[in-house]
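The structure appears below as structure tokens.
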Amino acid sequence: MFTTIFRYELQHWARQPSVYIYAAVFFLMAAGIMWGTASEAGGGDSGRILNAPFELNFILNYLHKLVLFLLPAIIGLSVYRDFQSNMHHILYTYPFTKNSYLSAKFASALIVVLFIISTIGIGLFIGARMPGVQAERIGPFHLAAYLQAYVVYILPNILLFGAIVFAIVTFTRNIYAGFITVLLLLFIQGIVAGIHGDPSQQYLAAILDPFGQRAIDYSTRYWTMAERNERLLPVESVLIYNRLLWLGISALIIGLVYKYFSFGQNAISIRLKRGKESTTKKHNFGSITTVSLPKVSYDFSFGQQLKTSWALSQSDFRYITTSWLFISILLAGILFIFFQQAQFNPPYGIKALPVTWAMLRAPAFLFLEIIQVLTFLYAGMLVFRARISRMNQLLDINPIPNWALLLSKFLALVKMQLLLLSLIAIGGIAVQLYRGYYHFEIGHYLFELYGLHFIRLAIWAFAALFIQTLLTNPYLGLFLLILGAMGMAGLPELGIESYVFRFNMGPELAYSDLDGYGATLLPYWYYKIYWLLLGLFLFPGALCWWTRGLPLTFPERFRIAFGRAKGKTGWAMAVLLAAFLTLGARIYYETEILNPLPSQEEEDRWMAENEKKYKQYQYTPQPRIVSVQINMDIFPESRAFNARGTYILVNKSPHTIDSLLIHYSFEEATAYRFNRPVRLLSRDTAIRFDLLRLEQGLAPGDSLAMNFDVQSRRRSLLDSHTKVKSNGTFVKNNLFPGLGYRPLELTDNGKRAKYGLSPSAQEIPHPSDSLALSNSYTSNDSDWITFEATVSTSEDQTAIAPGYLQKEWVENGRRYFHYKMDSKIKNYYGFNSGRFELKRDQWNDVSLEIYYHQGHDQNLGHMMSGLKGALAYNSEHFSPYQHRQARIIEFPATYGRYATTFANSVPFSENYFILDVDDSQEEAIGLPFYVAAHEIAHQWWGNQLLPADVAGSKMLTESLAEYVALKVLEKEYGENKLRYFLQFDLDLYLSGRAEDGAKERPLMYAHPNQEYVNYRKGGLAFYTLSDYIGEEKLNNALKAYLEKVKFQEAPYTTSLEMLPYLRNATPDSLSYLIEDLFETITLYDNQVTAVHFTPLPKGQYRVDVAFLARKYRSQAKGHRTYGKDSLSYQPDPGSAPLLSLPLADYIEIGVFGEADKGGSKEGRVLYLQKHKVSQINNEMSFIVGQKPLKVAVDPYSKLIDANREDNWSRF
Amino acid sequence: MNLNITKLTKVYPNGVKAIDNLNLEIGPGMFGLLGPNGAGKSTLMRTAATLQRPDSGSITFGGIDVQKDPMSLRKILGYLPQDFGVYPKISAQNLLDYLARLKGIHSKRERSKLIEAVLETTNLSEVRRKHVDGFSGGMKQRFGIAQLLLNNPKLIIVDEPTAGLDPAERNRFLNILREIGAKNTVIFSTHIVDDVKDLCTDMAIMNGGRVLQHLKPTAATAALAGQIWARTVSREELESMEALFPVLSAQYQHDHSIQIRVHAAERPAAEFTPTQPQLEDVYFIALREGPGKAEVGKRKAEGEGGISDFRLPISTRPDSI
């Protein structure tokens, strides 16, 4: 019987056009993604091999969501068909077993799904062989790579979740239950994705993820480029446990269904409350001779039809919301929202206060997407509702116009959206209550949910109704709608970037407590009105295709649609379409003709031309800026600024200078003039670069004044790229003109090759490049400057610039501030303006100020102590502070989530002000404190010491600022907290190098952009060195170095100059550390292999430990090398030998007992000592005075070790 | 008001010509549409009920062109499809309320009064709060009738309404139809001849998408007086009888013998006795003579009206009047 049903089913599917549509869609998407990415369109990370298992898995993961919806549409439908056609009444009386019926149905549908998704692999294969594909992005074809991507990831998911969907549809006899199941799984994935926390929680999350992707991510999180390009995906314990868990869950569900599924007439219904059981017995057998019905009035007026439409929508809305499917989505949604908003497991314990905008943002991404999918799904269900329950013949003969019916569907969908949106507000307020945050901004909730998100969803409702009305297959409709939504986001990959051509897309909204949605609001609405017009057009469009009465053939429907598109409907459509096109043309004109933003390709071309034409002038001597005087007028109301400035330029070179190279802002309007006659030789309007000749050469030591005006460009309503905000403006001096070559160069080798440029391996000069030492990392047209500024703003705002306030006054309704710096500073400054609150404090003679937004006062204390701690540490160990003041100024999160250091001020992102810091928790990162300390450390390491603009420059600034911040943190909060920070640094370094791919460099040669090296590894390296050689020794070396180089003029210092100071302070036995930490990329792979303890008399214990110590060097792409005299060790006779660099290393071994109350989580330290290790395999014994629980090699992550878990072992 | 059907043709995509250049005029009163399964009755009725569009031809009702202005017809139309489903988990009362809104009754008070009345009329008052999707076949059919009464229809189209009703309900239903049929136009399709006999003043017999005969039941039956002959035969003899005589119907008796009825102007053979003509005879004669003899023969071979299609003996049914 199995074969008969199986074959019949396959024949059925082979006749379905939808199967081929699905297959074609997957094929085209896969081929398109592969072709597009491989032929440089995306660009970026050259070095990735796109047909390596890791990348194939990545692409499959992208398509996976779409694949999931095939499960109900094919596997669910296979069994649902029999219920829908009432075939089950007949079928179930036939003599086949439950077994063969169910298994044949499932197996055949599974084959169909496999056929469909097999086109992904074929598409990828073909896409990689299309013309234009870059050879270095495609490796040799390995069948195993393709097979593995399927076998490890997508096949088990189809099997497991296909079975669950099949079981649930069989059980409920409702195909929509299948779709809802998929959505529920996506919610579970969303909840799991919100688990960050420490490694053990990440491990748990990796096991819980329904689709196993998190498990693969977990195993490959530190994979370098070499591993990503070469290795097969790891089938490790975490993935296996994950698959087993979900295999168990699906087996359980299938088992239950199998047990309870019966070939019966009725579905099993879940009833919360059992109604009174009764039988109906007929009593009235009497006949009737007269029919007398009460007179009623009939009204077919427009107004009444409208009311009817509303009433019908209530029925449809109830139909949606009273089904247990929807209720389960609702409950899962609430759970998901709550999890997202409550941040139970924030990454690294960094938790924000439950401010309203964060509550709105946390769940928005996934939840809005789910509402969108539900809109697509229920649009289909509502359009087909009458046909599914076969009531259409009763309904369609009623005197109700089509528009009233369609409108009722639309209203019901919209009500569902409103209901779901309200969950975000309810969840947000609940979380705020729960966390004791009582600043409720109900208006903000309502505005964002109903004034912003809702419009977008309503436009989707129009589109969904149109598509579902047009098509006769609601599952195909759902699939195509999801595909369409994904496609709109993916269109830029195909070079279509303008929002005018991407349905329901538009610029992102950005919110800050300081200035609300700022300039992002109007453009958002403009695009929404534009797409709403199309949505409204689709309404009569759907009316034309609305099926009334019995199903029709397509030619008939076509004829009817054209017949209906006349009269009022036709006029409405014409008017809406005209309005849509007019507004679209207008927006297009504004954004693409009047104010075109350069496309990526144009920008690339400009950068290439810049390098080709002007790089020759990179070291052409130019006069240097020695003095800056700025008048900055900020107009918060109109979001504009107007700056006038004067540079005093001095020829510091030994030669006469007769030509000037001036570059200026891309976005603003700039004018400049000199106090000597000049002649314009050329003007490059694309790159904004002018060549001028001085009529009379500037003699060495001679000076020149340059005056300039920079005005914010007048912006259209649709252009949100304005720098001035209504509150909290923060602009920097990169707005102003500069001298010399502007080093904007392409870094992607593929793109460089395209424009005929040589590979950019050396795009940042090596520290031994003496020519490059003439510029500091801050500026290539100045060294140290005197600075003075007058800043004006609206009367209710405070404006701040570096320097000390000389005078403040009000004139013509505007407030003026005059600032002047009394010492020389580097050429880096900015202007802030906002309605600030002010907190003051004092450290010795230094006045401390924090300018913050009202209400953002939770972290002021932490910031103040960070400032004080770093001021104290640096002054004590290195040199005195050069200013009399230190200010922190808050700027809106919409500018970014960073902090930076000017002379006596430190602008700080809003994000740090709204962090929720819990110092009592060991595993929480107190960023406000830490970042304040880091930034103030830059007053020494970056403002006193100014490195040359070469590789490794940031080791002298960022790494040392990190080191100081770690030390200050340790002083303030103790070792335990510090250790948590070290782990945080290590994790970020390891994942950063995995992401960076091909270009990792040793710390002292790191590229300034390599934050994971400069910050994370750098902080660790200096901390480890101080731990090994002693804090005092290291700090004395740093002090001596700083003494030599601070406030120096060109040539500037480099890491090469600093390293001997470190080496001299390091004893010979530890000199390997200098090489490992600074000069090379060196990692350990330490591992405890066996532990054992024996009780001794007097309550003592002997602990025996066996551990492996290995060390290797990593090349840029992550290949491992072990040096010339590498060590080798074969743990078992059969196994591959383990290799290591030669060892003479000191490695810390720790034994831990039971945890003390309030002590470290690792437990009480029973033994902690550095041991010299010179071979891979080591065995040691220690006597401890307490019962040991755990043993660890390098317990505190002082060494860089990619696999931390195996460093620990429990008894 | 008259329903005029002119040159109506409908061909389904699979090639079946469901209605073939059909002309029919139906006046007020009860009109029975009689025909075998697949005769095109449902297609004709659905087309008249605005659910389908013909390929050509037109239907008008009292000046309303059904194709051009379906909405006007819908205001005065009551339709009961042959087979219909309902939204699940909604009570009879609420579903009627839903339909009453669609039919343009906006006053809540009026709706509830009317619904109460139609429930009473169709004998559903007791189950008004029960979900319609849980109704038995007969109860669901009555619900169909109840909804039909909601808009005081002028044109009532009911497609095989008595199928599945118990005898008492059938009576009740036919009485309701008779009541509203007195003033309005009721088109009533069935393949049960008795329904028409009991009820209709006018009727048509349809097959192959055409009207075979348009006639008055009583007159047509009377016209056959003296032309219907009956005879009892054994099962073995039946086949030879069919070959020899134009056998209209054959019916088992209680003793397993078979009574056959033959249409002939004169006594076909000595064994035949004259018998009272019935409407059923008219029906079978129409089908036999149909649009052409060959076609009827073909249908016969396919089993229409053949020995396998025996009806229940009339005598076992309760007399309906």
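Each chain in the structure tokens gets a letter, A, B, ..., in the order shown, and its residues are numbered from 1; ligands are numbered from 1 in order too.
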For Arg173 of chain A, list every protein, DNA or RNA residue within 8 Å, evaluated using only C-alpha atoms, and leave out those in the same chain fewer than 2 positions away; present the list as an mmCIF file with N, CA and C atoms, in the first residue's frame.
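Written output follows (selection23.cif):
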data_model
loop_
_atom_site.group_PDB
_atom_site.id
_atom_site.type_symbol
_atom_site.label_atom_id
_atom_site.label_comp_id
_atom_site.auth_asym_id
_atom_site.auth_seq_id
_atom_site.Cartn_x
_atom_site.Cartn_y
_atom_site.Cartn_z
ATOM 1 N N TYR A 80 -2.954 17.704 4.445
ATOM 2 C CA TYR A 80 -4.106 18.592 4.578
ATOM 3 C C TYR A 80 -5.038 18.472 3.378
ATOM 4 N N PHE A 83 -8.013 16.350 3.885
ATOM 5 C CA PHE A 83 -9.067 16.907 4.738
ATOM 6 C C PHE A 83 -9.837 17.977 3.986
ATOM 7 N N ILE A 168 1.823 18.027 13.201
ATOM 8 C CA ILE A 168 0.867 18.999 13.732
ATOM 9 C C ILE A 168 -0.286 19.225 12.765
ATOM 10 N N VAL A 169 0.018 19.258 11.476
ATOM 11 C CA VAL A 169 -1.071 19.418 10.503
ATOM 12 C C VAL A 169 -1.987 18.193 10.532
ATOM 13 N N THR A 170 -1.370 17.024 10.649
ATOM 14 C CA THR A 170 -2.176 15.808 10.713
ATOM 15 C C THR A 170 -3.086 15.828 11.938
ATOM 16 N N PHE A 171 -2.503 16.278 13.006
ATOM 17 C CA PHE A 171 -3.207 16.271 14.278
ATOM 18 C C PHE A 171 -4.356 17.270 14.278
ATOM 19 N N ILE A 175 -3.852 23.367 8.071
ATOM 20 C CA ILE A 175 -2.521 23.625 7.511
ATOM 21 C C ILE A 175 -1.900 24.862 8.133
ATOM 22 N N ALA A 267 -11.408 16.334 13.502
ATOM 23 C CA ALA A 267 -10.102 16.646 14.055
ATOM 24 C C ALA A 267 -10.182 16.606 15.564
#
Open item on the list: Show me, as JSON, numbers by chain, the residues of chain A whose atoms get within 9 Å of chain B, using only C-alpha atoms for the distance check.
Closed with: {"A": [280, 284, 285, 286, 287, 288, 289, 290, 291, 292, 293, 294, 295, 296, 297, 298, 299, 300, 301, 304, 305, 307, 308, 309, 311, 312, 315, 385, 386, 387, 388, 389, 390, 391, 392, 393, 394, 395, 396, 397, 398, 399, 400, 401, 548, 549, 550, 551, 552, 553]}
Writing out the chosen residues with C-alpha atoms as a PDB file, in the first residue's frame:
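Contents of result-v6.pdb, freshly written:
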ATOM      1  CA  THR A 280     -30.440  17.059  20.268  1.00  0.00           C
ATOM      2  CA  ASN A 284     -41.391  19.550  16.630  1.00  0.00           C
ATOM      3  CA  PHE A 285     -42.804  17.398  13.874  1.00  0.00           C
ATOM      4  CA  GLY A 286     -45.632  19.776  13.153  1.00  0.00           C
ATOM      5  CA  SER A 287     -46.057  21.256   9.751  1.00  0.00           C
ATOM      6  CA  ILE A 288     -46.299  24.834   8.738  1.00  0.00           C
ATOM      7  CA  THR A 289     -48.815  26.455   6.569  1.00  0.00           C
ATOM      8  CA  THR A 290     -47.998  30.107   6.719  1.00  0.00           C
ATOM      9  CA  VAL A 291     -44.716  31.909   6.745  1.00  0.00           C
ATOM     10  CA  SER A 292     -45.023  35.224   8.462  1.00  0.00           C
ATOM     11  CA  LEU A 293     -41.841  37.100   8.983  1.00  0.00           C
ATOM     12  CA  PRO A 294     -41.507  40.513  10.601  1.00  0.00           C
ATOM     13  CA  LYS A 295     -41.064  43.424   8.254  1.00  0.00           C
ATOM     14  CA  VAL A 296     -37.570  44.785   8.279  1.00  0.00           C
ATOM     15  CA  SER A 297     -35.930  47.589   6.400  1.00  0.00           C
ATOM     16  CA  TYR A 298     -33.098  47.109   3.947  1.00  0.00           C
ATOM     17  CA  ASP A 299     -30.490  49.727   3.318  1.00  0.00           C
ATOM     18  CA  PHE A 300     -27.773  49.513   0.696  1.00  0.00           C
ATOM     19  CA  SER A 301     -26.341  52.988   1.072  1.00  0.00           C
ATOM     20  CA  GLN A 304     -24.320  51.367   5.753  1.00  0.00           C
ATOM     21  CA  GLN A 305     -22.043  49.229   3.589  1.00  0.00           C
ATOM     22  CA  LYS A 307     -20.641  49.912   8.691  1.00  0.00           C
ATOM     23  CA  THR A 308     -21.244  46.402   7.442  1.00  0.00           C
ATOM     24  CA  SER A 309     -17.623  46.229   6.379  1.00  0.00           C
ATOM     25  CA  ALA A 311     -18.926  44.539  11.353  1.00  0.00           C
ATOM     26  CA  LEU A 312     -17.566  41.891   8.991  1.00  0.00           C
ATOM     27  CA  SER A 315     -15.999  38.694  12.599  1.00  0.00           C
ATOM     28  CA  ARG A 385     -11.776  32.019   4.321  1.00  0.00           C
ATOM     29  CA  ALA A 386     -15.140  31.558   2.607  1.00  0.00           C
ATOM     30  CA  ARG A 387     -13.724  29.145   0.074  1.00  0.00           C
ATOM     31  CA  ILE A 388     -11.896  27.083   2.680  1.00  0.00           C
ATOM     32  CA  SER A 389     -15.083  26.585   4.681  1.00  0.00           C
ATOM     33  CA  ARG A 390     -17.070  26.311   1.412  1.00  0.00           C
ATOM     34  CA  MET A 391     -19.408  29.056   2.495  1.00  0.00           C
ATOM     35  CA  ASN A 392     -18.674  31.218  -0.513  1.00  0.00           C
ATOM     36  CA  GLN A 393     -21.846  30.190  -2.337  1.00  0.00           C
ATOM     37  CA  LEU A 394     -23.931  31.400   0.570  1.00  0.00           C
ATOM     38  CA  LEU A 395     -21.992  34.624   0.942  1.00  0.00           C
ATOM     39  CA  ASP A 396     -21.311  35.709  -2.583  1.00  0.00           C
ATOM     40  CA  ILE A 397     -24.935  36.027  -3.622  1.00  0.00           C
ATOM     41  CA  ASN A 398     -25.579  38.713  -1.058  1.00  0.00           C
ATOM     42  CA  PRO A 399     -26.049  42.328  -2.038  1.00  0.00           C
ATOM     43  CA  ILE A 400     -22.735  43.387  -0.599  1.00  0.00           C
ATOM     44  CA  PRO A 401     -20.239  45.051  -2.919  1.00  0.00           C
ATOM     45  CA  ARG A 548     -16.833  36.327  -6.494  1.00  0.00           C
ATOM     46  CA  GLY A 549     -18.790  33.164  -6.961  1.00  0.00           C
ATOM     47  CA  LEU A 550     -17.226  30.056  -8.311  1.00  0.00           C
ATOM     48  CA  PRO A 551     -13.528  29.738  -9.126  1.00  0.00           C
ATOM     49  CA  LEU A 552     -12.699  30.816 -12.623  1.00  0.00           C
ATOM     50  CA  THR A 553     -10.016  30.134 -15.160  1.00  0.00           C
TER      51      THR A 553
END
Task: Nearby residues (only C-alpha atoms) at most 6 Å from Leu124 of chain A, same-chain spacing under 2 positions excluded, as a VMD selection string - done: chain A and resid 30 to 31 34 121 to 122 126 to 127
Open item on the list: When DSSP is applied to the backbone of this structure, which of segment 5-77 of chain B are assigned strand (DSSP E or B)? Write them out as a PyMOL selection string.
Closed with: chain B and resi 5-11+17-26+29-34+56-61+64-65+77
Task: Spatial neighbours of Ala52 of chain A, max dist 12 Å, only C-alpha atoms, sep filter under 6 positions, as a list in words - done: Met34, Phe58, Ile59, Leu124, Phe125, Ala128, Arg137, Ile138, Gly139, Pro140, Phe141, His142, Leu143, Ala144, Ala145, Tyr146, Leu147, Gln148, Ala149, Met225, Ala226, Glu227, Arg228, Asn229, Glu230, Arg231, Leu232 and Leu233 of chain A
Same residues, C-alpha atoms, output as a PDB file, in the first residue's frame:
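Below is the file that was written, selection31.pdb:
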ATOM      1  CA  MET A  34      26.898  33.242  -5.573  1.00  0.00           C
ATOM      2  CA  PHE A  58      26.391  30.854   5.446  1.00  0.00           C
ATOM      3  CA  ILE A  59      24.410  31.176   2.222  1.00  0.00           C
ATOM      4  CA  LEU A 124      25.436  27.810  -6.079  1.00  0.00           C
ATOM      5  CA  PHE A 125      27.474  25.492  -8.266  1.00  0.00           C
ATOM      6  CA  ALA A 128      30.267  30.058  -9.101  1.00  0.00           C
ATOM      7  CA  ARG A 137      36.990  33.900  -4.634  1.00  0.00           C
ATOM      8  CA  ILE A 138      36.203  30.423  -5.859  1.00  0.00           C
ATOM      9  CA  GLY A 139      38.196  27.431  -4.750  1.00  0.00           C
ATOM     10  CA  PRO A 140      38.317  24.088  -6.513  1.00  0.00           C
ATOM     11  CA  PHE A 141      35.017  22.230  -6.526  1.00  0.00           C
ATOM     12  CA  HIS A 142      34.641  19.778  -3.679  1.00  0.00           C
ATOM     13  CA  LEU A 143      31.516  17.714  -3.679  1.00  0.00           C
ATOM     14  CA  ALA A 144      32.090  17.103   0.012  1.00  0.00           C
ATOM     15  CA  ALA A 145      31.751  20.821   0.726  1.00  0.00           C
ATOM     16  CA  TYR A 146      28.296  20.932  -0.851  1.00  0.00           C
ATOM     17  CA  LEU A 147      27.190  17.655   0.634  1.00  0.00           C
ATOM     18  CA  GLN A 148      28.343  18.653   4.066  1.00  0.00           C
ATOM     19  CA  ALA A 149      26.568  21.979   3.966  1.00  0.00           C
ATOM     20  CA  MET A 225      40.222  32.978   7.464  1.00  0.00           C
ATOM     21  CA  ALA A 226      42.441  30.000   6.728  1.00  0.00           C
ATOM     22  CA  GLU A 227      40.163  27.698   8.685  1.00  0.00           C
ATOM     23  CA  ARG A 228      37.050  29.142   7.112  1.00  0.00           C
ATOM     24  CA  ASN A 229      38.450  28.612   3.667  1.00  0.00           C
ATOM     25  CA  GLU A 230      39.810  25.155   4.192  1.00  0.00           C
ATOM     26  CA  ARG A 231      38.027  23.247   6.914  1.00  0.00           C
ATOM     27  CA  LEU A 232      34.866  21.228   6.747  1.00  0.00           C
ATOM     28  CA  LEU A 233      32.226  22.263   9.253  1.00  0.00           C
TER      29      LEU A 233
END
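The interatomic distance for the pair atom CA of Tyr438 of chain A and atom CA of Gly516 of chain A works out to 19.4 Å.
Within segment 255-286 of chain B, residues classed as alpha helix (DSSP H) by DSSP on backbone coordinates are Leu279, Glu280, Asp281, Val282, Tyr283, Phe284, Ile285 and Ala286 of chain B.
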Open item on the list: Set the distance at 10 Å and use only C-alpha atoms: which residues neighbour segment 875-878 of chain A once local chain neighbours fewer than 2 positions away are removed? I'd like the list as number ranges by chain.
Closed with: A: 869-873, 880-882, 937, 940, 1031-1032, 1034-1043
Open item on the list: Could you check the closest approach to Arg210 of chain B for each of B:Gly35, B:Gly62, B:Gly138, B:Pro161 and tell me which residue wins, using only C-alpha atoms?
Closed with: B:Gly35
